[in-house]
file my_file-v9.cif (mmCIF, C-alpha atoms)
data_target
#
loop_
_atom_site.group_PDB
_atom_site.id
_atom_site.type_symbol
_atom_site.label_atom_id
_atom_site.label_comp_id
_atom_site.auth_asym_id
_atom_site.auth_seq_id
_atom_site.Cartn_x
_atom_site.Cartn_y
_atom_site.Cartn_z
ATOM 1 C CA MET K 1 26.961 0.458 -1.268
ATOM 2 C CA THR K 2 29.495 2.355 0.852
ATOM 3 C CA VAL K 3 29.612 6.125 0.967
ATOM 4 C CA PRO K 4 32.302 7.064 3.493
ATOM 5 C CA ALA K 5 31.370 10.743 3.139
ATOM 6 C CA LEU K 6 28.030 9.952 4.799
ATOM 7 C CA ASP K 7 29.540 8.202 7.828
ATOM 8 C CA PRO K 8 29.766 11.335 10.018
ATOM 9 C CA PHE K 9 26.123 12.129 9.222
ATOM 10 C CA VAL K 10 25.022 8.583 10.123
ATOM 11 C CA GLU K 11 27.068 8.710 13.330
ATOM 12 C CA PHE K 12 25.582 12.066 14.240
ATOM 13 C CA ILE K 13 21.991 10.834 13.799
ATOM 14 C CA ARG K 14 22.741 7.685 15.795
ATOM 15 C CA SER K 15 24.246 9.747 18.616
ATOM 16 C CA THR K 16 21.163 11.915 19.076
ATOM 17 C CA ARG K 17 18.995 11.288 22.110
ATOM 18 C CA MET K 18 15.952 10.713 19.877
ATOM 19 C CA SER K 19 17.712 7.987 17.907
ATOM 20 C CA GLN K 20 18.845 6.253 21.073
ATOM 21 C CA VAL K 21 15.378 6.355 22.601
ATOM 22 C CA PHE K 22 13.769 5.007 19.424
ATOM 23 C CA ARG K 23 16.401 2.290 19.121
ATOM 24 C CA ASN K 24 16.921 1.138 22.675
ATOM 25 C CA GLU K 25 14.126 2.246 24.922
ATOM 26 C CA VAL K 26 10.896 1.611 23.042
ATOM 27 C CA ALA K 27 10.904 -2.043 21.979
ATOM 28 C CA TRP K 28 7.428 -1.925 20.419
ATOM 29 C CA LEU K 29 8.112 1.202 18.351
ATOM 30 C CA TRP K 30 9.586 -0.617 15.350
ATOM 31 C CA PRO K 31 6.795 -3.206 14.883
ATOM 32 C CA LEU K 32 4.186 -0.495 15.500
ATOM 33 C CA CYS K 33 5.691 1.756 12.824
ATOM 34 C CA GLU K 34 6.070 -1.191 10.426
ATOM 35 C CA SER K 35 2.369 -1.972 10.821
ATOM 36 C CA LEU K 36 1.401 1.676 10.307
ATOM 37 C CA HIS K 37 3.761 1.896 7.301
ATOM 38 C CA PHE K 38 1.917 -1.027 5.662
ATOM 39 C CA LEU K 39 -1.526 0.440 6.455
ATOM 40 C CA GLY K 40 -0.331 3.762 5.026
ATOM 41 C CA LEU K 41 0.861 2.103 1.825
ATOM 42 C CA ILE K 42 -2.514 0.378 1.397
ATOM 43 C CA LEU K 43 -4.339 3.696 1.743
ATOM 44 C CA LEU K 44 -1.880 5.460 -0.563
ATOM 45 C CA ILE K 45 -1.882 2.855 -3.346
ATOM 46 C CA GLY K 46 -5.614 2.126 -3.038
ATOM 47 C CA ALA K 47 -6.758 5.738 -3.141
ATOM 48 C CA ALA K 48 -4.134 7.151 -5.514
ATOM 49 C CA GLY K 49 -4.462 4.049 -7.693
ATOM 50 C CA PHE K 50 -8.187 4.692 -8.117
ATOM 51 C CA PHE K 51 -7.520 8.203 -9.424
ATOM 52 C CA ASP K 52 -4.598 6.999 -11.570
ATOM 53 C CA LEU K 53 -6.764 4.308 -13.174
ATOM 54 C CA ARG K 54 -9.403 6.927 -14.032
ATOM 55 C CA LEU K 55 -6.684 9.147 -15.522
ATOM 56 C CA MET K 56 -5.602 6.151 -17.602
ATOM 57 C CA GLY K 57 -9.127 5.874 -18.984
ATOM 58 C CA PHE K 58 -10.609 3.112 -16.830
ATOM 59 C CA MET K 59 -14.005 3.563 -15.101
ATOM 60 C CA LYS K 60 -15.160 6.243 -17.528
ATOM 61 C CA GLY K 61 -18.492 6.387 -15.696
ATOM 62 C CA VAL K 62 -16.728 8.327 -12.937
ATOM 63 C CA SER K 63 -15.874 11.961 -13.618
ATOM 64 C CA LEU K 64 -12.282 12.934 -12.788
ATOM 65 C CA ARG K 65 -13.684 15.484 -10.330
ATOM 66 C CA SER K 66 -15.390 12.723 -8.329
ATOM 67 C CA ALA K 67 -12.461 10.318 -8.585
ATOM 68 C CA LYS K 68 -10.246 13.031 -7.107
ATOM 69 C CA LYS K 69 -12.266 12.930 -3.875
ATOM 70 C CA PHE K 70 -10.150 9.912 -2.905
ATOM 71 C CA VAL K 71 -6.846 11.782 -3.313
ATOM 72 C CA PRO K 72 -6.859 13.350 0.214
ATOM 73 C CA TRP K 73 -6.981 9.791 1.576
ATOM 74 C CA ALA K 74 -3.893 8.940 -0.454
ATOM 75 C CA MET K 75 -2.192 11.999 1.031
ATOM 76 C CA MET K 76 -3.130 10.830 4.505
ATOM 77 C CA GLY K 77 -1.501 7.476 3.772
ATOM 78 C CA PHE K 78 1.571 9.311 2.468
ATOM 79 C CA ALA K 79 1.757 11.448 5.635
ATOM 80 C CA VAL K 80 1.621 8.329 7.842
ATOM 81 C CA ASN K 81 4.410 6.759 5.787
ATOM 82 C CA LEU K 82 6.585 9.862 5.775
ATOM 83 C CA LEU K 83 6.362 10.050 9.563
ATOM 84 C CA THR K 84 6.957 6.339 10.200
ATOM 85 C CA GLY K 85 9.696 6.344 7.531
ATOM 86 C CA LEU K 86 11.477 9.171 9.359
ATOM 87 C CA ILE K 87 11.272 7.182 12.584
ATOM 88 C CA PHE K 88 12.927 4.186 10.840
ATOM 89 C CA PHE K 89 15.641 6.444 9.455
ATOM 90 C CA ILE K 90 16.355 8.197 12.749
ATOM 91 C CA SER K 91 16.438 4.866 14.628
ATOM 92 C CA GLN K 92 18.789 3.034 12.247
ATOM 93 C CA PRO K 93 20.282 5.565 9.800
ATOM 94 C CA GLN K 94 23.108 3.170 8.829
ATOM 95 C CA GLN K 95 20.522 0.817 7.270
ATOM 96 C CA TYR K 96 19.267 3.501 4.920
ATOM 97 C CA ALA K 97 21.715 6.337 4.259
ATOM 98 C CA THR K 98 24.088 4.288 2.112
ATOM 99 C CA ASN K 99 21.576 1.742 0.836
ATOM 100 C CA LEU K 100 21.202 1.778 -2.958
ATOM 101 C CA ALA K 101 17.605 0.492 -2.696
ATOM 102 C CA MET K 102 16.778 3.417 -0.410
ATOM 103 C CA TRP K 103 18.132 5.902 -2.937
ATOM 104 C CA LEU K 104 16.184 4.240 -5.753
ATOM 105 C CA LYS K 105 13.092 4.440 -3.541
ATOM 106 C CA VAL K 106 13.717 8.173 -3.088
ATOM 107 C CA VAL K 107 14.193 8.587 -6.868
ATOM 108 C CA PHE K 108 10.745 7.060 -7.506
ATOM 109 C CA LEU K 109 9.217 9.141 -4.695
ATOM 110 C CA LEU K 110 10.555 12.190 -6.542
ATOM 111 C CA VAL K 111 9.214 10.899 -9.883
ATOM 112 C CA ALA K 112 5.766 10.429 -8.292
ATOM 113 C CA GLY K 113 5.930 13.859 -6.648
ATOM 114 C CA ILE K 114 7.095 15.763 -9.731
ATOM 115 C CA ASN K 115 4.531 13.926 -11.854
ATOM 116 C CA ALA K 116 1.733 14.935 -9.434
ATOM 117 C CA MET K 117 2.966 18.539 -9.401
ATOM 118 C CA LEU K 118 3.090 18.607 -13.187
ATOM 119 C CA PHE K 119 -0.489 17.326 -13.213
ATOM 120 C CA GLU K 120 -1.668 20.012 -10.791
ATOM 121 C CA THR K 121 0.103 22.896 -12.509
ATOM 122 C CA SER K 122 -0.388 22.070 -16.182
ATOM 123 C CA PHE K 123 -3.164 19.544 -16.753
ATOM 124 C CA SER K 124 -5.577 19.563 -13.830
ATOM 125 C CA ASP K 125 -7.823 22.498 -14.847
ATOM 126 C CA ARG K 126 -8.488 21.170 -18.322
ATOM 127 C CA LEU K 127 -8.987 17.550 -17.208
ATOM 128 C CA MET K 128 -11.223 18.393 -14.260
ATOM 129 C CA ALA K 129 -13.657 19.969 -16.710
ATOM 130 C CA LEU K 130 -14.196 16.586 -18.391
ATOM 131 C CA ASP K 131 -17.559 15.017 -17.662
ATOM 132 C CA ALA K 132 -18.308 11.457 -16.644
ATOM 133 C CA GLY K 133 -18.163 9.200 -19.681
ATOM 134 C CA ALA K 134 -15.425 11.206 -21.408
ATOM 135 C CA ASP K 135 -12.201 9.506 -22.403
ATOM 136 C CA THR K 136 -8.984 11.096 -21.168
ATOM 137 C CA PRO K 137 -6.321 12.514 -23.529
ATOM 138 C CA MET K 138 -3.004 10.713 -23.978
ATOM 139 C CA SER K 139 -1.260 13.185 -21.615
ATOM 140 C CA ALA K 140 -3.583 12.133 -18.768
ATOM 141 C CA LYS K 141 -3.068 8.443 -19.520
ATOM 142 C CA VAL K 142 0.716 8.893 -19.365
ATOM 143 C CA ILE K 143 0.522 10.847 -16.080
ATOM 144 C CA GLY K 144 -1.757 8.196 -14.538
ATOM 145 C CA ALA K 145 0.494 5.338 -15.661
ATOM 146 C CA VAL K 146 3.687 7.075 -14.463
ATOM 147 C CA SER K 147 2.065 7.721 -11.080
ATOM 148 C CA LEU K 148 0.839 4.151 -10.609
ATOM 149 C CA MET K 149 4.142 2.638 -11.732
ATOM 150 C CA SER K 150 6.233 4.917 -9.534
ATOM 151 C CA TRP K 151 4.199 4.113 -6.409
ATOM 152 C CA PHE K 152 4.665 0.400 -7.059
ATOM 153 C CA ALA K 153 8.382 1.056 -7.655
ATOM 154 C CA VAL K 154 8.506 2.852 -4.278
ATOM 155 C CA LEU K 155 6.856 -0.209 -2.706
ATOM 156 C CA TYR K 156 9.258 -2.558 -4.540
ATOM 157 C CA PHE K 157 12.451 -0.819 -3.439
ATOM 158 C CA GLY K 158 11.082 -0.320 0.065
ATOM 159 C CA ARG K 159 10.286 -3.991 0.534
ATOM 160 C CA MET K 160 13.523 -5.141 -1.139
ATOM 161 C CA LEU K 161 15.573 -2.657 0.877
ATOM 162 C CA PRO K 162 16.978 -5.101 3.448
ATOM 163 C CA TYR K 163 17.868 -7.629 0.718
ATOM 164 C CA LEU K 164 19.019 -5.717 -2.388
ATOM 165 C CA ASP K 165 21.881 -3.929 -0.699
ATOM 166 C CA PRO K 166 22.421 -5.429 2.741
ATOM 167 C CA ASN K 167 24.528 -3.206 4.925
ATOM 168 C CA PRO K 168 27.282 -5.099 6.761
ATOM 169 C CA ARG K 169 27.104 -2.497 9.505
ATOM 170 C CA SER K 170 23.386 -2.715 10.182
ATOM 171 C CA GLY K 171 23.565 -5.612 12.658
ATOM 172 C CA VAL K 172 19.875 -5.583 13.554
ATOM 173 C CA MET J 1 24.078 -6.168 -4.542
ATOM 174 C CA ALA J 2 23.770 -9.882 -3.955
ATOM 175 C CA SER J 3 25.697 -11.697 -6.663
ATOM 176 C CA ASP J 4 23.698 -14.937 -6.726
ATOM 177 C CA PRO J 5 20.256 -14.294 -8.250
ATOM 178 C CA SER J 6 18.681 -17.192 -6.313
ATOM 179 C CA LEU J 7 19.470 -15.295 -3.111
ATOM 180 C CA LEU J 8 16.900 -12.759 -4.249
ATOM 181 C CA ALA J 9 14.130 -15.315 -4.882
ATOM 182 C CA TYR J 10 12.767 -15.124 -1.328
ATOM 183 C CA PRO J 11 12.713 -11.287 -1.176
ATOM 184 C CA THR J 12 11.071 -11.171 -4.614
ATOM 185 C CA ILE J 13 8.260 -13.489 -3.482
ATOM 186 C CA LEU J 14 7.924 -11.467 -0.284
ATOM 187 C CA THR J 15 7.688 -8.257 -2.313
ATOM 188 C CA LEU J 16 5.088 -9.777 -4.656
ATOM 189 C CA HIS J 17 3.100 -10.716 -1.535
ATOM 190 C CA THR J 18 3.178 -7.023 -0.539
ATOM 191 C CA VAL J 19 2.124 -5.946 -4.054
ATOM 192 C CA GLY J 20 -0.808 -8.387 -3.898
ATOM 193 C CA MET J 21 -1.744 -7.024 -0.461
ATOM 194 C CA ALA J 22 -1.773 -3.459 -1.788
ATOM 195 C CA ILE J 23 -4.092 -4.550 -4.626
ATOM 196 C CA VAL J 24 -6.530 -6.626 -2.524
ATOM 197 C CA VAL J 25 -6.703 -4.455 0.581
ATOM 198 C CA GLY J 26 -6.334 -1.152 -1.315
ATOM 199 C CA THR J 27 -9.304 -2.022 -3.528
ATOM 200 C CA CYS J 28 -11.421 -3.172 -0.569
ATOM 201 C CA VAL J 29 -10.558 -0.042 1.437
ATOM 202 C CA VAL J 30 -11.548 2.283 -1.428
ATOM 203 C CA MET J 31 -14.837 0.413 -1.759
ATOM 204 C CA ASP J 32 -15.421 0.554 2.014
ATOM 205 C CA LEU J 33 -14.746 4.310 2.096
ATOM 206 C CA ARG J 34 -17.223 4.835 -0.736
ATOM 207 C CA LEU J 35 -19.880 2.793 1.104
ATOM 208 C CA LEU J 36 -19.256 4.903 4.204
ATOM 209 C CA GLY J 37 -20.056 8.082 2.308
ATOM 210 C CA ILE J 38 -16.652 9.243 1.021
ATOM 211 C CA ALA J 39 -16.779 10.471 -2.597
ATOM 212 C CA THR J 40 -20.502 9.758 -2.920
ATOM 213 C CA GLU J 41 -20.299 11.347 -6.399
ATOM 214 C CA VAL J 42 -18.500 8.192 -7.521
ATOM 215 C CA PRO J 43 -21.283 5.959 -8.840
ATOM 216 C CA LEU J 44 -21.280 2.487 -7.284
ATOM 217 C CA THR J 45 -21.639 1.012 -10.766
ATOM 218 C CA ALA J 46 -18.067 2.180 -11.424
ATOM 219 C CA LEU J 47 -16.831 -0.167 -8.723
ATOM 220 C CA ARG J 48 -18.344 -3.189 -10.437
ATOM 221 C CA GLN J 49 -14.921 -4.128 -11.794
ATOM 222 C CA ALA J 50 -13.427 -4.158 -8.299
ATOM 223 C CA PRO J 51 -13.926 -7.939 -7.839
ATOM 224 C CA ARG J 52 -11.590 -8.618 -10.749
ATOM 225 C CA LEU J 53 -8.822 -6.619 -9.026
ATOM 226 C CA VAL J 54 -9.531 -8.242 -5.678
ATOM 227 C CA TRP J 55 -9.356 -11.722 -7.214
ATOM 228 C CA THR J 56 -6.157 -10.926 -9.125
ATOM 229 C CA GLY J 57 -4.487 -9.735 -5.943
ATOM 230 C CA PHE J 58 -5.881 -12.648 -3.968
ATOM 231 C CA ILE J 59 -4.507 -15.231 -6.425
ATOM 232 C CA ILE J 60 -1.064 -13.543 -6.320
ATOM 233 C CA ASN J 61 -1.136 -13.679 -2.530
ATOM 234 C CA ALA J 62 -2.455 -17.207 -2.185
ATOM 235 C CA ALA J 63 0.382 -18.391 -4.481
ATOM 236 C CA THR J 64 3.146 -16.285 -2.902
ATOM 237 C CA GLY J 65 1.730 -16.999 0.566
ATOM 238 C CA ILE J 66 2.001 -20.769 0.036
ATOM 239 C CA ALA J 67 5.552 -20.320 -1.304
ATOM 240 C CA LEU J 68 6.529 -18.218 1.720
ATOM 241 C CA PHE J 69 4.945 -20.740 4.082
ATOM 242 C CA THR J 70 6.914 -23.652 2.617
ATOM 243 C CA THR J 71 10.226 -21.827 3.174
ATOM 244 C CA ASP J 72 9.587 -21.776 6.915
ATOM 245 C CA ALA J 73 6.702 -24.150 7.592
ATOM 246 C CA GLU J 74 7.974 -25.625 10.882
ATOM 247 C CA HIS J 75 8.099 -22.184 12.436
ATOM 248 C CA LYS J 76 5.048 -20.530 10.865
ATOM 249 C CA ALA J 77 2.831 -23.531 11.636
ATOM 250 C CA THR J 78 3.479 -22.886 15.324
ATOM 251 C CA GLN J 79 2.830 -19.128 15.200
ATOM 252 C CA THR J 80 -0.495 -18.134 16.766
ATOM 253 C CA VAL J 81 -0.351 -14.811 14.925
ATOM 254 C CA PHE J 82 -0.206 -16.685 11.600
ATOM 255 C CA PHE J 83 -3.528 -18.390 12.314
ATOM 256 C CA VAL J 84 -4.968 -15.084 13.529
ATOM 257 C CA LYS J 85 -3.918 -13.564 10.192
ATOM 258 C CA LEU J 86 -5.487 -16.409 8.156
ATOM 259 C CA SER J 87 -8.741 -16.194 10.145
ATOM 260 C CA LEU J 88 -8.946 -12.414 9.679
ATOM 261 C CA ILE J 89 -8.360 -12.754 5.907
ATOM 262 C CA PHE J 90 -11.044 -15.454 5.702
ATOM 263 C CA LEU J 91 -13.523 -13.262 7.619
ATOM 264 C CA ALA J 92 -12.628 -10.155 5.562
ATOM 265 C CA LEU J 93 -13.241 -12.073 2.319
ATOM 266 C CA ALA J 94 -16.585 -13.358 3.674
ATOM 267 C CA VAL J 95 -17.589 -9.760 4.481
ATOM 268 C CA TYR J 96 -16.433 -8.711 1.022
ATOM 269 C CA ALA J 97 -18.576 -11.438 -0.597
ATOM 270 C CA ARG J 98 -21.599 -10.271 1.426
ATOM 271 C CA ILE J 99 -21.023 -6.631 0.370
ATOM 272 C CA ARG J 100 -20.829 -7.770 -3.236
ATOM 273 C CA THR J 101 -24.167 -9.562 -2.978
ATOM 274 C CA LEU J 102 -25.824 -6.725 -1.100
ATOM 275 C CA VAL J 103 -24.579 -3.825 -3.210
ATOM 276 C CA PHE J 104 -23.546 -5.100 -6.606
ATOM 277 C CA ARG J 105 -25.740 -8.119 -7.299
ATOM 278 C CA ARG J 106 -29.161 -7.001 -6.075
ATOM 279 C CA PRO J 107 -31.087 -5.431 -8.955
ATOM 280 C CA GLY J 108 -31.461 -1.690 -8.472
ATOM 281 C CA ALA J 109 -29.440 -1.720 -5.257
ATOM 282 C CA MET J 110 -26.785 0.531 -6.709
ATOM 283 C CA THR J 111 -29.133 3.427 -7.285
ATOM 284 C CA MET J 112 -31.027 3.095 -3.999
ATOM 285 C CA PRO J 113 -29.845 4.647 -0.758
ATOM 286 C CA LEU J 114 -27.389 2.266 0.881
ATOM 287 C CA ALA J 115 -28.743 -0.055 3.500
ATOM 288 C CA ARG J 116 -27.418 0.413 7.003
ATOM 289 C CA GLU J 117 -26.101 -3.138 6.700
ATOM 290 C CA ALA J 118 -23.739 -2.043 3.897
ATOM 291 C CA LYS J 119 -22.176 0.607 6.119
ATOM 292 C CA ALA J 120 -21.824 -1.801 9.023
ATOM 293 C CA LEU J 121 -20.141 -4.302 6.699
ATOM 294 C CA ALA J 122 -17.787 -1.603 5.379
ATOM 295 C CA ILE J 123 -16.673 -0.753 8.925
ATOM 296 C CA LEU J 124 -16.232 -4.441 9.697
ATOM 297 C CA SER J 125 -14.207 -4.871 6.507
ATOM 298 C CA LEU J 126 -11.857 -1.991 7.435
ATOM 299 C CA ILE J 127 -11.326 -3.479 10.903
ATOM 300 C CA LEU J 128 -10.683 -7.006 9.588
ATOM 301 C CA TRP J 129 -8.221 -5.899 6.861
ATOM 302 C CA THR J 130 -6.377 -3.678 9.348
ATOM 303 C CA GLY J 131 -6.124 -6.646 11.694
ATOM 304 C CA ALA J 132 -4.957 -9.010 8.941
ATOM 305 C CA THR J 133 -2.282 -6.528 7.791
ATOM 306 C CA VAL J 134 -0.975 -5.912 11.308
ATOM 307 C CA ALA J 135 -1.010 -9.656 12.094
ATOM 308 C CA GLY J 136 0.972 -10.310 8.904
ATOM 309 C CA ARG J 137 3.550 -7.712 9.861
ATOM 310 C CA LEU J 138 3.803 -9.023 13.417
ATOM 311 C CA MET J 139 4.681 -12.521 12.135
ATOM 312 C CA ALA J 140 8.205 -11.129 11.784
ATOM 313 C CA TYR J 141 8.289 -10.014 15.418
ATOM 314 C CA LEU J 142 6.258 -12.438 17.515
ATOM 315 C CA LEU J 143 7.416 -15.976 18.261
#

call {"tool": "encode", "arguments": {"input": "my_file-v9.cif", "output": "structure tokens"}}
result
Amino acid sequence: MTVPALDPFVEFIRSTRMSQVFRNEVAWLWPLCESLHFLGLILLIGAAGFFDLRLMGFMKGVSLRSAKKFVPWAMMGFAVNLLTGLIFFISQPQQYATNLAMWLKVVFLLVAGINAMLFETSFSDRLMALDAGADTPMSAKVIGAVSLMSWFAVLYFGRMLPYLDPNPRSGV
Amino acid sequence: MASDPSLLAYPTILTLHTVGMAIVVGTCVVMDLRLLGIATEVPLTALRQAPRLVWTGFIINAATGIALFTTDAEHKATQTVFFVKLSLIFLALAVYARIRTLVFRRPGAMTMPLAREAKALAILSLILWTGATVAGRLMAYLL
């Protein structure tokens, strides 16, 4: 994918001191961030997946209130991945800014985020009152399934990013 | 987009390997956190289905792992970090099997206070899976 309108933005990021340091002066930064990005994804999908599965009606012996105790750990994984993801972007913006897989990844990040917000604002209070053993309503099952599928879609487009839409300019 | 679908076969297998990792390690990490006292309101009996998820993910990754190995066997067979990764996975699975026996198979164990051994094993499991994940990632960077 080429988006000439984004070229000045990419060039600007690349020209910043931070980008140059990340790219040229800290050889171990990229592998370190890659490792942390994978550990973050494990924490995010493991912990959020547990809550999503309960929303979908699995493990009825766990109350939704208890299952939600794992959600802060998912947020921690997300924070690690947001930070390391920003470092990737600042180091090599030309690999990401005009990459279709990157934009699809962002779309599914937004789906996951909006879905979680919708849950918090409109469904959480009622569902959190459910006791252990109770089945969840269809709305909860849909929210859980959308969440789980969008996180795996984020993983899919993230991992496929260098292959789905290779950037001729990336040269790394 | 790549025009020849076969060009995407390798990335697809690689991505499936990452999906399998998220399932295996994600499930183990959640179980480890619970054993270490996070979300103690979650009854251990609820985690009894975890082995099924771990095995599903493990089978995906054994299959995709073999496929990935065959695409680049001459190189990977010489990578120290590859053998480090395999050893760490083997040890992590052994720890997982021990946790399963200790916590899920012993009658009444799930309602009793957790043995100190279970917590030690959970910490060990977190360390081994972290090591295996990092070693896997570093295969792309180390000779």

call {"tool": "interface_residues", "arguments": {"input": "my_file-v9.cif", "of": "chain J", "to": "chain K", "cutoff": "9 Å", "atoms": "only C-alpha atoms", "output": "PyMOL selection string"}}
result
chain J and resi 1-2+7-8+11-12+14-16+18-19+21-30+33-34+38-43+45-47+49+130+133-138+140-141

call {"tool": "atom_distance", "arguments": {"input": "my_file-v9.cif", "atom1": "atom CA of K:Asp52", "atom2": "atom CA of K:Gly144"}}
result
4.3 Å

call {"tool": "resolve_selection", "arguments": {"input": "my_file-v9.cif", "expression": "the PyMOL selection byres ((chain K and resi 112-123) around 12)", "output": "NGL selection string"}}
result
:K and (44-45 or 48 or 51-52 or 55 or 64 or 68 or 71 or 75 or 78 or 105-111 or 124-130 or 136-154)

call {"tool": "write_last_selection", "arguments": {"input": "my_file-v9.cif", "atoms": "C-alpha atoms", "output": "tab-separated table (two decimals), in the coordinates of the input"}}
result
chain	number	residue	atom	x	y	z
K	44	LEU	CA	-1.88	5.46	-0.56
K	45	ILE	CA	-1.88	2.86	-3.35
K	48	ALA	CA	-4.13	7.15	-5.51
K	51	PHE	CA	-7.52	8.20	-9.42
K	52	ASP	CA	-4.60	7.00	-11.57
K	55	LEU	CA	-6.68	9.15	-15.52
K	64	LEU	CA	-12.28	12.93	-12.79
K	68	LYS	CA	-10.25	13.03	-7.11
K	71	VAL	CA	-6.85	11.78	-3.31
K	75	MET	CA	-2.19	12.00	1.03
K	78	PHE	CA	1.57	9.31	2.47
K	105	LYS	CA	13.09	4.44	-3.54
K	106	VAL	CA	13.72	8.17	-3.09
K	107	VAL	CA	14.19	8.59	-6.87
K	108	PHE	CA	10.74	7.06	-7.51
K	109	LEU	CA	9.22	9.14	-4.70
K	110	LEU	CA	10.56	12.19	-6.54
K	111	VAL	CA	9.21	10.90	-9.88
K	124	SER	CA	-5.58	19.56	-13.83
K	125	ASP	CA	-7.82	22.50	-14.85
K	126	ARG	CA	-8.49	21.17	-18.32
K	127	LEU	CA	-8.99	17.55	-17.21
K	128	MET	CA	-11.22	18.39	-14.26
K	129	ALA	CA	-13.66	19.97	-16.71
K	130	LEU	CA	-14.20	16.59	-18.39
K	136	THR	CA	-8.98	11.10	-21.17
K	137	PRO	CA	-6.32	12.51	-23.53
K	138	MET	CA	-3.00	10.71	-23.98
K	139	SER	CA	-1.26	13.18	-21.62
K	140	ALA	CA	-3.58	12.13	-18.77
K	141	LYS	CA	-3.07	8.44	-19.52
K	142	VAL	CA	0.72	8.89	-19.36
K	143	ILE	CA	0.52	10.85	-16.08
K	144	GLY	CA	-1.76	8.20	-14.54
K	145	ALA	CA	0.49	5.34	-15.66
K	146	VAL	CA	3.69	7.08	-14.46
K	147	SER	CA	2.06	7.72	-11.08
K	148	LEU	CA	0.84	4.15	-10.61
K	149	MET	CA	4.14	2.64	-11.73
K	150	SER	CA	6.23	4.92	-9.53
K	151	TRP	CA	4.20	4.11	-6.41
K	152	PHE	CA	4.66	0.40	-7.06
K	153	ALA	CA	8.38	1.06	-7.66
K	154	VAL	CA	8.51	2.85	-4.28

call {"tool": "axis_aligned_box", "arguments": {"input": "my_file-v9.cif", "around": "stretch 35-51 of chain K", "padding_each_side": "5 Å", "output": "JSON"}}
result
{"center_x": -2.2, "center_y": 3.1, "center_z": 0.7, "size_x": 21.9, "size_y": 20.2, "size_z": 30.2}

call {"tool": "resolve_selection", "arguments": {"input": "my_file-v9.cif", "expression": "the PyMOL selection byres ((chain J and resi 56-63) around 6)", "output": "list in words"}}
result
His17, Gly20, Ile23, Val24, Leu53, Val54, Trp55, Thr64, Gly65 and Ile66 of chain J

call {"tool": "closest_residue", "arguments": {"input": "my_file-v9.cif", "among": "J:Leu36, J:Ile123, J:Leu44, J:Ala9", "to": "J:Arg105", "atoms": "all atoms listed in the file"}}
result
J:Leu44

call {"tool": "atom_distance", "arguments": {"input": "my_file-v9.cif", "atom1": "atom CA of J:Phe82", "atom2": "atom CA of J:Met139"}}
result
6.4 Å

call {"tool": "atom_distance", "arguments": {"input": "my_file-v9.cif", "atom1": "atom CA of J:Glu74", "atom2": "atom CA of J:Ile89"}}
result
21.4 Å

call {"tool": "resolve_selection", "arguments": {"input": "my_file-v9.cif", "expression": "the PyMOL selection byres ((chain K and resi 23) around 12)", "output": "VMD selection string"}}
result
chain K and resid 13 to 22 24 to 31 87 to 93 172

call {"tool": "closest_residue", "arguments": {"input": "my_file-v9.cif", "among": "K:Gly40, K:Asp7, K:Asp131, K:Phe12", "to": "K:Leu82", "atoms": "all atoms listed in the file"}}
result
K:Gly40

call {"tool": "closest_residue", "arguments": {"input": "my_file-v9.cif", "among": "J:Met31, J:Ala115, J:Ala120, J:Leu68", "to": "J:Arg48", "atoms": "all atoms listed in the file"}}
result
J:Met31

call {"tool": "residues_near_point", "arguments": {"input": "my_file-v9.cif", "point": "(-17.1, -7.6, 0.2)", "cutoff": "9 Å", "atoms": "all atoms listed in the file", "output": "PyMOL selection string"}}
result
chain J and resi 28+31-32+51+92-102+121-122+125

call {"tool": "decode", "arguments": {"input": "my_file-v9.cif", "residues": "stretch 141-155 of chain K", "atoms": "C-alpha atoms", "output": "PDB file, in the first residue's frame"}}
result
ATOM      1  CA  LYS K 141     -21.875 -14.034  24.964  1.00  0.00           C
ATOM      2  CA  VAL K 142     -21.659 -11.757  21.911  1.00  0.00           C
ATOM      3  CA  ILE K 143     -19.434  -9.234  23.736  1.00  0.00           C
ATOM      4  CA  GLY K 144     -17.126 -12.022  24.957  1.00  0.00           C
ATOM      5  CA  ALA K 145     -16.875 -13.588  21.496  1.00  0.00           C
ATOM      6  CA  VAL K 146     -16.252 -10.230  19.769  1.00  0.00           C
ATOM      7  CA  SER K 147     -13.515  -9.440  22.295  1.00  0.00           C
ATOM      8  CA  LEU K 148     -11.755 -12.793  21.941  1.00  0.00           C
ATOM      9  CA  MET K 149     -11.966 -12.750  18.144  1.00  0.00           C
ATOM     10  CA  SER K 150     -10.714  -9.179  17.856  1.00  0.00           C
ATOM     11  CA  TRP K 151      -7.669  -9.851  20.052  1.00  0.00           C
ATOM     12  CA  PHE K 152      -6.766 -12.840  17.890  1.00  0.00           C
ATOM     13  CA  ALA K 153      -7.324 -10.665  14.797  1.00  0.00           C
ATOM     14  CA  VAL K 154      -4.931  -8.085  16.300  1.00  0.00           C
ATOM     15  CA  LEU K 155      -2.391 -10.887  16.807  1.00  0.00           C
TER      16      LEU K 155
END
